[in-house]
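Pasting structure23.cif here (mmCIF, C-alpha atoms):
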data_data
loop_
_atom_site.label_atom_id
_atom_site.label_comp_id
_atom_site.auth_asym_id
_atom_site.auth_seq_id
_atom_site.Cartn_x
_atom_site.Cartn_y
_atom_site.Cartn_z
CA MET F 358 35.12 124.76 31.76
CA LEU F 359 38.70 123.79 32.53
CA ILE F 360 38.81 121.75 35.72
CA THR F 361 42.24 121.47 37.24
CA GLY F 362 43.71 121.58 40.68
CA ALA F 363 40.58 121.94 42.82
CA SER F 364 39.54 119.11 45.09
CA LEU F 365 36.25 117.28 45.28
CA GLY F 366 37.59 115.00 47.95
CA LYS F 367 36.04 111.53 47.96
CA ARG F 368 32.40 110.58 48.16
CA GLN F 369 30.41 107.48 47.41
CA GLU F 370 27.27 108.20 45.40
CA GLY F 371 25.38 105.56 43.48
CA GLY F 372 28.44 103.32 43.46
CA ALA F 373 30.79 105.88 41.94
CA GLU F 374 33.66 107.33 43.92
CA ILE F 375 34.56 110.79 42.70
CA ARG F 376 38.22 111.65 42.82
CA ASN F 377 40.33 114.61 41.79
CA PRO F 378 43.14 112.91 39.85
CA LYS F 379 45.37 115.98 40.14
CA SER F 380 45.76 115.53 43.87
CA GLU F 381 45.17 111.81 44.38
CA ILE F 382 48.11 109.55 45.09
CA ASP F 383 47.42 105.91 44.31
CA GLU F 384 49.66 103.46 46.17
CA GLY F 385 52.34 106.08 46.50
CA ARG F 386 52.31 107.09 42.83
CA ARG F 387 50.47 109.99 41.21
CA ARG F 388 47.88 108.97 38.61
CA ASP F 389 48.87 109.45 34.98
CA MET F 390 46.29 112.07 33.97
CA THR F 391 46.16 115.84 33.85
CA TYR F 392 42.53 116.85 34.25
CA GLY F 393 38.97 115.67 34.69
CA TRP F 394 36.59 114.31 37.28
CA GLU F 395 36.76 110.57 37.63
CA GLY F 396 34.16 107.96 38.57
CA GLU F 397 34.25 104.18 38.63
CA LYS F 398 34.04 103.75 34.86
CA VAL F 399 34.40 107.13 33.17
CA ARG F 400 36.07 110.50 33.45
CA LEU F 401 34.49 113.87 32.58
CA VAL F 402 36.94 116.16 30.78
CA PRO F 403 36.77 119.57 29.06
CA LEU F 404 35.79 119.59 25.40
CA ASP F 405 38.69 119.37 22.97
CA ARG F 406 37.94 120.13 19.33
CA ASP F 407 40.80 118.00 18.06
CA LYS F 408 39.75 115.00 20.10
CA HIS F 409 35.97 115.20 20.42
CA LEU F 410 34.44 117.20 17.55
CA ASP F 411 34.55 114.51 14.85
CA ASN F 412 32.79 112.05 17.14
CA ALA F 413 30.10 114.65 17.88
CA LEU F 414 29.43 115.02 14.15
CA LYS F 415 29.25 111.26 13.68
CA TRP F 416 27.07 110.53 16.71
CA PHE F 417 24.59 113.40 16.36
CA ASN F 418 24.02 112.50 12.72
CA ASP F 419 23.34 108.84 13.58
CA PRO F 420 19.56 108.11 13.63
CA ASP F 421 20.04 105.27 16.12
CA ILE F 422 21.68 107.62 18.63
CA THR F 423 19.31 110.56 18.08
CA GLU F 424 16.18 108.38 18.15
CA TRP F 425 15.29 109.56 21.66
CA LEU F 426 17.16 112.88 21.77
CA GLU F 427 15.21 116.13 21.79
CA THR F 428 17.56 117.35 19.08
CA GLY F 429 19.24 115.51 16.25
CA ASP F 430 16.63 115.21 13.50
CA TRP F 431 18.04 118.24 11.67
CA PRO F 432 21.39 117.53 9.98
CA LEU F 433 24.32 118.73 12.09
CA THR F 434 27.00 120.50 10.06
CA ARG F 435 30.65 120.83 10.95
CA GLY F 436 30.29 124.61 11.08
CA ALA F 437 27.40 124.43 13.54
CA GLU F 438 29.26 122.02 15.82
CA GLU F 439 32.43 124.12 15.66
CA ASP F 440 30.31 127.08 16.82
CA PHE F 441 29.06 124.97 19.73
CA PHE F 442 32.59 124.02 20.74
CA ARG F 443 33.75 127.63 20.48
CA ALA F 444 30.85 128.74 22.69
CA ALA F 445 31.82 126.10 25.28
CA GLU F 446 35.39 127.39 25.24
CA ARG F 447 34.18 130.90 26.12
CA GLN F 448 32.94 129.65 29.50
CA ASP F 449 29.84 131.83 29.64
CA ARG F 450 28.78 130.54 33.10
CA VAL F 451 25.35 129.49 31.88
CA SER F 452 26.50 126.03 30.81
CA VAL F 453 29.22 123.46 31.49
CA GLN F 454 29.97 120.89 28.82
CA PHE F 455 32.06 117.76 29.30
CA ALA F 456 33.28 114.99 27.07
CA VAL F 457 32.87 111.56 28.65
CA GLU F 458 35.93 109.34 28.35
CA SER F 459 36.66 105.86 29.59
CA LEU F 460 39.32 105.54 32.26
CA GLN F 461 41.62 104.49 29.42
CA GLY F 462 41.06 107.84 27.69
CA GLU F 463 38.67 106.67 24.96
CA HIS F 464 35.95 109.17 24.03
CA VAL F 465 32.51 107.59 24.59
CA GLY F 466 30.02 110.44 24.95
CA PHE F 467 29.05 113.86 26.30
CA SER F 468 27.48 115.17 29.48
CA GLY F 469 26.71 118.65 30.71
CA LEU F 470 24.67 121.29 32.45
CA ARG F 471 22.86 124.13 30.70
CA SER F 472 20.57 127.05 31.52
CA ILE F 473 22.32 127.46 34.85
CA ASP F 474 20.31 129.80 37.08
CA TRP F 475 22.76 131.02 39.72
CA GLN F 476 20.14 132.92 41.70
CA SER F 477 17.95 129.83 42.13
CA ARG F 478 20.91 127.41 41.87
CA VAL F 479 19.17 125.26 39.26
CA ALA F 480 20.40 123.74 35.98
CA VAL F 481 19.18 121.44 33.22
CA SER F 482 21.23 118.25 32.89
CA GLY F 483 21.80 115.95 29.95
CA SER F 484 24.04 113.15 28.72
CA VAL F 485 24.54 110.90 25.73
CA ILE F 486 26.74 107.85 25.19
CA GLY F 487 27.67 107.82 21.51
CA ARG F 488 29.48 104.50 21.45
CA LYS F 489 26.60 102.13 20.69
CA ASP F 490 28.75 99.10 21.44
CA LEU F 491 29.06 100.39 25.01
CA TRP F 492 25.37 100.97 25.70
CA SER F 493 23.95 99.23 28.79
CA LYS F 494 27.44 98.91 30.30
CA GLY F 495 26.89 101.43 33.10
CA LEU F 496 28.97 104.21 31.54
CA GLY F 497 26.04 106.61 31.21
CA GLY F 498 24.96 106.09 34.79
CA ASP F 499 28.48 106.65 36.06
CA ALA F 500 28.79 109.84 33.99
CA VAL F 501 25.51 111.10 35.47
CA THR F 502 26.69 110.37 39.01
CA VAL F 503 29.99 112.20 38.54
CA ARG F 504 28.34 115.16 36.79
CA ASN F 505 25.70 115.51 39.48
CA ARG F 506 28.24 115.50 42.29
CA TYR F 507 30.19 118.14 40.37
CA ALA F 508 27.01 120.22 40.05
CA PHE F 509 26.19 119.96 43.75
CA ASP F 510 29.60 119.88 45.43
CA VAL F 511 31.63 122.14 43.14
CA LEU F 512 29.11 124.55 41.61
CA GLY F 513 26.87 124.60 44.68
CA LEU F 514 23.67 123.94 42.75
CA ARG F 515 20.67 122.56 44.64
CA LEU F 516 18.36 121.25 41.90
CA LEU F 517 18.90 119.52 38.56
CA ILE F 518 16.19 119.09 35.94
CA ALA F 519 16.22 116.46 33.20
CA SER F 520 13.94 116.14 30.20
CA VAL F 521 13.21 112.77 28.57
CA ILE F 522 10.97 111.82 25.66
CA ALA F 523 8.32 109.32 26.73
CA GLY F 524 9.32 105.85 25.59
CA ASN F 525 13.02 106.29 26.30
CA SER F 526 13.05 103.52 28.88
CA ARG F 527 16.84 103.29 29.19
CA SER F 528 17.25 106.95 30.09
CA LEU F 529 14.31 106.88 32.49
CA ALA F 530 15.72 103.85 34.31
CA MET F 531 19.20 105.39 34.50
CA LEU F 532 17.90 108.68 35.87
CA ALA F 533 15.66 106.94 38.40
CA LYS F 534 18.66 104.98 39.64
CA ALA F 535 20.53 108.27 40.04
CA GLY F 536 17.71 109.63 42.21
CA TYR F 537 15.70 111.70 39.72
CA GLU F 538 11.93 111.70 40.22
CA GLU F 539 9.23 112.58 37.73
CA ALA F 540 7.98 116.12 38.31
CA GLY F 541 5.55 116.52 35.43
CA ARG F 542 4.73 115.96 31.78
CA VAL F 543 3.99 118.06 28.73
CA PRO F 544 1.60 115.99 26.59
CA GLU F 545 2.63 115.42 22.97
CA ARG F 546 5.46 117.92 23.23
CA TYR F 547 7.67 116.33 20.57
CA TRP F 548 7.11 114.92 17.11
CA LYS F 549 9.57 112.05 17.02
CA ARG F 550 9.84 109.14 14.62
CA GLY F 551 6.30 109.37 13.32
CA ALA F 552 4.38 110.13 16.51
CA TYR F 553 3.74 112.89 19.03
CA ARG F 554 5.40 112.00 22.32
CA ASP F 555 5.17 113.43 25.82
CA GLN F 556 8.03 115.31 27.41
CA ILE F 557 8.78 113.90 30.86
CA LEU F 558 10.36 116.33 33.31
CA LEU F 559 12.40 114.88 36.16
CA ALA F 560 14.05 116.58 39.12
CA LEU F 561 16.92 115.74 41.44
CA HIS F 562 17.34 117.74 44.66
CA ARG F 563 20.75 118.01 46.27
CA ASP F 564 19.38 116.67 49.54
CA GLY F 565 16.74 114.48 47.96
#
Serialized structure, structure tokens:
Amino acid sequence: MLITGASLGKRQEGGAEIRNPKSEIDEGRRRDMTYGWEGEKVRLVPLDRDKHLDNALKWFNDPDITEWLETGDWPLTRGAEEDFFRAAERQDRVSVQFAVESLQGEHVGFSGLRSIDWQSRVAVSGSVIGRKDLWSKGLGGDAVTVRNRYAFDVLGLRLLIASVIAGNSRSLAMLAKAGYEEAGRVPERYWKRGAYRDQILLALHRDG
């Protein structure tokens, strides 16, 4: 989804101030950027095949990165990922996919919403930071905060659901900090790295 021109205004949420860089004037000068929703550490921008696809192929074929992802154990081909990017470009209104970039414009990960149910105003959320050297630096948490405020304040959703494989302590801690609460478990839902692991379902209410 191309995000230009509209205004989120300003809001503090979990330490991240969300700004619309198209309309913000910083100390009398307009910021040097053309699109995206900005937090304290990262910016969410539309997918760009030229800029983001090669990193997707590298990261989602890296066993360290996919260790706790619900997908990623099957080899990801360039053709399959190009299909994914093309689908995102069609803006089908059932998903919104962002690339996560640093405030300096460096691509560091992905974040998005899928299975958007407009009648119930619910979506499934997910994120990944692919730059392993930047793990535990707060970038993932900031991306989650900005994405969630986009989901609630721009799209008008009321409930976000996240799914985490049991044992993924970093993701569980990050989501808890963002306000998600465990809503249930599916025992031994996933075979991952030599063991059956529970699927943990978490929920974040707009007014929660």
Q | Expected selection from the PyMOL selection byres ((chain F and resi 451) around 10), given as a ChimeraX atom specification | A | /F:445,448-450,452-453,470-475,480
**Q.** Pick from F:Leu410, F:Leu559, F:Val457, F:Val521, whichever lies nearest to Arg435 of chain F using all atoms listed in the file
**A.** F:Leu410
Q: Counting all atoms listed in the file, figure out which residue out of F:Ile522, F:Val465, F:Leu516, F:Ile486 gets nearest to His409 of chain F.
A: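 Of F:Ile522, F:Val465, F:Leu516, F:Ile486, the one nearest His409 of chain F is F:Val465, counting all atoms listed in the file.
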What are the closest atom pairs, with distances in Å to one decimal, for each residue of segment 423-542 of chain F lying within 8 Å of segment 411-418 of chain F, using all atoms listed in the file, rows by chain and rising residue number, as a tab-separated table?
residue	atom	partner	partner_atom	distance
F:Thr423	CA	F:Phe417	CA	6.2
F:Gly429	CA	F:Phe417	CA	5.8
F:Asp430	CA	F:Asn418	CA	7.9
F:Pro432	CA	F:Asn418	CA	6.3
F:Leu433	CA	F:Asn418	CA	6.3
F:Thr434	CA	F:Leu414	CA	7.3
F:Arg435	CA	F:Leu414	CA	6.7
F:Glu438	CA	F:Leu414	CA	7.2
F:Gly487	CA	F:Trp416	CA	5.5
Evaluate the PyMOL selection byres ((chain F and resi 460) around 9) against this structure - the residues, as an mmCIF file with C-alpha atoms, keeping the file's coordinate frame, please.
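Everything below was put into out_12.cif:
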data_model
loop_
_atom_site.group_PDB
_atom_site.id
_atom_site.type_symbol
_atom_site.label_atom_id
_atom_site.label_comp_id
_atom_site.auth_asym_id
_atom_site.auth_seq_id
_atom_site.Cartn_x
_atom_site.Cartn_y
_atom_site.Cartn_z
ATOM 1 C CA GLU F 395 36.760 110.570 37.630
ATOM 2 C CA GLY F 396 34.160 107.960 38.570
ATOM 3 C CA GLU F 397 34.250 104.180 38.630
ATOM 4 C CA LYS F 398 34.040 103.750 34.860
ATOM 5 C CA VAL F 399 34.400 107.130 33.170
ATOM 6 C CA ARG F 400 36.070 110.500 33.450
ATOM 7 C CA GLU F 458 35.930 109.340 28.350
ATOM 8 C CA SER F 459 36.660 105.860 29.590
ATOM 9 C CA GLN F 461 41.620 104.490 29.420
ATOM 10 C CA GLY F 462 41.060 107.840 27.690
ATOM 11 C CA GLU F 463 38.670 106.670 24.960
#
Q: Do a neighbour search on segment 503-505 of chain F at 8 Å with all atoms listed in the file, toss out local chain neighbours closer than 2 positions, and write the hits as a PyMOL selection string.
A: chain F and resi 373+375+394-396+401+468-469+499-501+507-509+517
Need the axis-aligned box for segment 496-510 of chain F with 4 Å each side, so what are the centre and edges in Å to one decimal, as lines of an AutoDock Vina configuration file?
center_x = 27.6
center_y = 112.2
center_z = 38.3
size_x = 13.2
size_y = 24.0
size_z = 22.2
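The nearest approach to Val485 of chain F among the residues F:Arg550, F:Arg542, F:His464, F:Arg515, with only C-alpha atoms taken into account, belongs to F:His464.
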